[in-house]
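Engineer: Below you'll find the structure I mean.
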Number of protein chains: 2
Amino acid sequence: MSNNTPSTKVLPGFMELLPADQLLFNSIKETIRETYESFGFSPIDTPLIERAEVLLSKSGGETEKQVYRFLKGKNDLALRFDLTIPLARYVSEHFHELAFPFRRYHIGKVYRGERPQRGRYREFYQCDIDIIGKESLDLMNDAEIPSVIYAVFSKLNFGKFLIKINNRKIISGLMEELGIKELSVDVLRIIDKLEKIGEEAVCEMLQEIGITEEQSEKIFAFLGLSGTSTEIIEQLRTLGVTAKQFALGVNELECVVANLALLGVPEEAFMIDLTIARGLDYYTGTVYETTLVDHPEIGSICSGGRYDNLAKKFTDKKLPGVGISIGLTRLFWQLTEVGIIKNSATANTNVLVIPLTEDLSTAISIAKTLREQSIATELYAEKAKMKTKLSYANKRGVPYVILVGEEEINTGRYGLKNMETGEQVECTIDELAENLRA
Amino acid sequence: MSNNTPSTKVLPGFMELLPADQLLFNSIKETIRETYESFGFSPIDTPLIERAEVLLSKSGGETEKQVYRFLKGKNDLALRFDLTIPLARYVSEHFHELAFPFRRYHIGKVYRGERPQRGRYREFYQCDIDIIGKESLDLMNDAEIPSVIYAVFSKLNFGKFLIKINNRKIISGLMEELGIKELSVDVLRIIDKLEKIGEEAVCEMLQEIGITEEQSEKIFAFLGLSGTSTEIIEQLRTLGVTAKQFALGVNELECVVANLALLGVPEEAFMIDLTIARGLDYYTGTVYETTLVDHPEIGSICSGGRYDNLAKKFTDKKLPGVGISIGLTRLFWQLTEVGIIKNSATANTNVLVIPLTEDLSTAISIAKTLREQSIATELYAEKAKMKTKLSYANKRGVPYVILVGEEEINTGRYGLKNMETGEQVECTIDELAENLRA
């Protein structure tokens, strides 16, 4: 090792876990994957590297400034910063080979060279599902998506969660009604801050962009609507807004909420929240956010919505879709921070076989027998002191240990030790697997 | 879509699969992962981006020339081109938090900007296991690694395979004995071509670098040894080679082969092959290659070996290790080429529910009931003609379909149609899950 030894630290903004945490991370990822599959979503796996022109638009939004972009030979390349543009490219490229509606899931890493700060990652997993229609896509799909959210977070068991649903046509319709359609984007951006800065500050900001007091009042009357889903829908209909978009949005929202109940999502797991708008330009109908009831500070853990046209950059085909994304790397960090995910030291190995004699053949044969019965088994093969062997078992976090000494080999009876309770059961080789399974 | 529409094709040298193939690919990857875990290997997942100085050595080998390297701000970065250097960095960085021997698996993408050609990929999955010791690592581990290879390819069921084992100390010892130690690297490089170019051509090449006829004869006598493992070991011992390295290598090989049998790997699945050398500088003892008996043209499908020191670039700690790698992307391509993997059109969805009435509520409730019983269920929600609906079922490749029409709703009996055989079973909602499971 010289003075020129490179730093072995991961780059700032990159997550690297120890094996026990990695197991936990992977098990969450696997639960999400399994659930996505159980709803009939198919996996895709696109290259991390794309042509820069595929990923970047001419305008160049905030996210695009953060893109990792580089030349390889004369090729202008970039690392994907989301899974949506690769989906758009994929669907356009394989259009004729896919069955529509195309239901895909994609779990993979994406890259954004953000300024590093606590809990913000430059490399992170996104777990996305989308349903893409050809020309049209039934509103039923807008209800199925949150039923997937419900299944995912029920299984993950991170505590009580709430799926908040809205429809952007309703807000658009209201703006149209108030004659401030052209200010929509600004108004939505200001309303988005409501929870953070409060009603008064929002009112002032609205005035600054030219919203009258009367208009403001109507906006707040709208945002203030509350009650059950049925009650909110009713109240929306009595507001007297005549813009077509508004009525359309209310009807869609009503339909989504009704189907959501039919799909088995219980009342307490979802609500209409008229303040939710999501990324302003992209979504065109239903939008979702999901929050942990006891940890609102985490913000939305799963968001998405309906869009009119996935891939207009790549194809003339009209491809409406609806989808959601879970930013798993950040979520894992947040859940660890608030203590919902606890640093565990459990290994994926069920049992560690520790030979105490020089001849390893009995220990080997025990490991072989257990593995044949699908029990994840590790064999400690190093020549070491007893203390070193047990300290390995502890550090590794294996739940069970089998010591194989001369006495055990002679009597054919082995002690199966529970490393947590210290309890030990004596049994034959054949009984070991049975006991481990119980 | 304008004239400036970017190409939606993947870049040359990148693999992108359709969903049915992706499912197949993923199931192979999952079998490998499960097997690795069953032997007590823990997962790690390191960043794809590393500091260039971590990945690249001053000398800069062939592989390093192919590296994707770029600046982000003032950081000199690169995409990993294998999983070994990231492992070396990981072990050095987390040395005090890891339990040794450290058994890790890593399944992830790596990047090499090779000249694109059929079956060569610039982005590909590697599936690696390694066991890293602190200061020392018992030879037993050299036997456990091929027992993992055996388990993996038994489960994958690609046909008969053969694990070829050698020990580089034997060849090194022979070279020492022949007084051509300094020519070792060249000799090994030439011998490596034996299968390709034949004995005569090899002889000529050996002469060209200054190997005498007598030396050549001894080398060929050595390479020509054959028989069972026991026979080869015996013959090696009667060659009369006195170099220490040679005897050490023979002893190690004997021990590995004996333990391999104890670990339950049958005789017909492995053999000693003295011609195997592997990457010349890295490995220092046991080396492995694995071939498909009926498809030798594919070459090695899983290779690896023992090395003395994993991370001397990063740490003063001595970290001997042994490991293997499966290059899954290329292997998948090769297996498809020779017809071992067959393009399947099977979906991961077990059943597709197709409503025939406008009111979807019964169909929804069937989907809900099936999903609750862990049956991957898809609901076709689009308003479409019967023909479109069935054509979706066919294109999607779902094995079962349930049609939900007015009659079915009224009688409470639903037809469960096997899409392959065309057979149809009539049953109640409750019986659907039972039938699907059977």
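Identifiers in the structure tokens: chain A, B, ... in order shown; residue index from 1 per chain; ligand index from 1 in order shown.
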Skip stretch 159-164 of chain B itself and residues of its chain fewer than 6 positions away, then list as a list in words all residues within 6 Å of it, counting only C-alpha atoms.
Structural biologist: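 That gives Ala269, Phe270, Met271, Ile272, Asp273, Tyr288, Glu289, Thr290, Thr291, Leu292 and Val293 of chain B.
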Engineer: With only C-alpha atoms considered, list every residue of chain A at most 7 Å from chain B, as number ranges by chain.
Structural biologist: A: 1, 5-6, 8-9, 14, 16, 19, 22-23, 37-40, 42-47, 53-54, 68, 70, 72, 89, 92-93, 99-100, 137-138, 140, 262-264, 312-316, 348-349, 361, 364-365, 368, 371, 375-378, 381-382, 392, 395-396
Engineer: So that I have them on file, write out the residues from the current selection with C-alpha atoms, as an mmCIF file, in the first residue's frame.
Structural biologist:
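Output below, filename selection_4.cif:
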data_model
loop_
_atom_site.group_PDB
_atom_site.id
_atom_site.type_symbol
_atom_site.label_atom_id
_atom_site.label_comp_id
_atom_site.auth_asym_id
_atom_site.auth_seq_id
_atom_site.Cartn_x
_atom_site.Cartn_y
_atom_site.Cartn_z
ATOM 1 C CA MET A 1 0.000 0.000 0.000
ATOM 2 C CA THR A 5 -3.730 4.363 -2.266
ATOM 3 C CA PRO A 6 -7.087 5.418 -3.718
ATOM 4 C CA THR A 8 -12.066 3.118 -0.656
ATOM 5 C CA LYS A 9 -15.049 5.244 0.430
ATOM 6 C CA PHE A 14 -24.027 6.797 -3.201
ATOM 7 C CA GLU A 16 -23.450 1.119 0.093
ATOM 8 C CA PRO A 19 -24.504 -7.426 4.181
ATOM 9 C CA GLN A 22 -28.375 -5.349 2.166
ATOM 10 C CA LEU A 23 -30.436 -8.445 2.960
ATOM 11 C CA GLU A 37 -45.953 -9.607 -10.580
ATOM 12 C CA SER A 38 -49.045 -10.825 -8.742
ATOM 13 C CA PHE A 39 -51.014 -8.084 -10.519
ATOM 14 C CA GLY A 40 -49.811 -9.295 -13.887
ATOM 15 C CA SER A 42 -44.136 -8.077 -16.681
ATOM 16 C CA PRO A 43 -40.508 -7.210 -16.035
ATOM 17 C CA ILE A 44 -38.357 -5.215 -18.393
ATOM 18 C CA ASP A 45 -34.662 -4.399 -17.969
ATOM 19 C CA THR A 46 -33.295 -1.689 -20.215
ATOM 20 C CA PRO A 47 -29.662 -0.516 -20.533
ATOM 21 C CA GLU A 53 -30.617 12.582 -27.351
ATOM 22 C CA VAL A 54 -33.032 9.917 -26.110
ATOM 23 C CA TYR A 68 -24.353 11.961 -16.102
ATOM 24 C CA PHE A 70 -20.237 11.505 -21.513
ATOM 25 C CA LYS A 72 -17.514 7.182 -25.683
ATOM 26 C CA ARG A 89 -38.281 4.306 -25.901
ATOM 27 C CA SER A 92 -41.917 2.716 -29.222
ATOM 28 C CA GLU A 93 -39.166 0.319 -30.344
ATOM 29 C CA ALA A 99 -49.607 -6.834 -26.115
ATOM 30 C CA PHE A 100 -51.606 -3.748 -25.159
ATOM 31 C CA LEU A 137 -56.778 3.180 -21.661
ATOM 32 C CA ASP A 138 -59.795 2.451 -19.509
ATOM 33 C CA MET A 140 -60.453 1.099 -14.449
ATOM 34 C CA LEU A 262 -64.550 -2.964 -5.205
ATOM 35 C CA LEU A 263 -60.905 -3.987 -5.552
ATOM 36 C CA GLY A 264 -60.824 -4.526 -1.814
ATOM 37 C CA LYS A 312 -44.666 11.575 -28.302
ATOM 38 C CA LYS A 313 -40.918 12.191 -28.578
ATOM 39 C CA PHE A 314 -40.419 8.796 -30.218
ATOM 40 C CA THR A 315 -43.607 7.834 -32.032
ATOM 41 C CA ASP A 316 -46.792 9.104 -33.639
ATOM 42 C CA ASN A 348 -29.401 -15.276 5.386
ATOM 43 C CA THR A 349 -27.675 -18.469 6.481
ATOM 44 C CA SER A 361 -15.578 -35.144 6.596
ATOM 45 C CA ILE A 364 -18.954 -31.638 5.324
ATOM 46 C CA SER A 365 -21.465 -34.426 5.141
ATOM 47 C CA LYS A 368 -24.301 -31.477 2.351
ATOM 48 C CA ARG A 371 -28.322 -28.167 1.805
ATOM 49 C CA ILE A 375 -31.571 -25.342 4.404
ATOM 50 C CA ALA A 376 -29.083 -22.525 3.805
ATOM 51 C CA THR A 377 -25.983 -23.927 5.432
ATOM 52 C CA GLU A 378 -22.524 -22.577 5.942
ATOM 53 C CA ALA A 381 -13.618 -24.557 7.433
ATOM 54 C CA GLU A 382 -10.796 -22.474 8.901
ATOM 55 C CA TYR A 392 -17.445 -15.623 13.701
ATOM 56 C CA LYS A 395 -20.506 -11.492 14.099
ATOM 57 C CA ARG A 396 -22.094 -13.253 11.154
#
Engineer: In Å, how far is it from atom CA of B:Leu436 to atom CA of B:Ile340?
Structural biologist: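 Atom-to-atom, atom CA of B:Leu436 and atom CA of B:Ile340 are spaced 28.6 Å apart.
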Engineer: Looking at only C-alpha atoms, which of B:Thr275, B:Ala433, B:Thr242, B:Asn167 is the one that sits closest to B:Gly304?
Structural biologist: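 Nearest to B:Gly304: B:Asn167.
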Engineer: I'd like the interatomic distance between atom CA of B:Pro399 and atom CA of B:Lys417, to a tenth of an Å.
Structural biologist: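 Atom-to-atom, atom CA of B:Pro399 and atom CA of B:Lys417 are spaced 8.4 Å apart.
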Engineer: If you superpose chain A onto chain B over the full set of Cα atoms in sequence order, what number do you get for the RMSD in Å?
Structural biologist: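 After superposition, the RMSD is 0.0 Å.
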Engineer: List every residue of stretch 127-350 of chain A that DSSP, applied to the backbone of this structure, assigns to strand (DSSP E or B), and report them as number ranges by chain.
Structural biologist: A: 127-132, 161-167, 270-272, 286-292, 303-307, 321-327
Engineer: Going by DSSP on the backbone, which bits of stretch 237-407 of chain B are helix (DSSP H, G or I)? Write them as a ChimeraX atom specification, please.
Structural biologist: /B:237,244-262,267-269,296-298,328-337,361-372,386-396,406-407
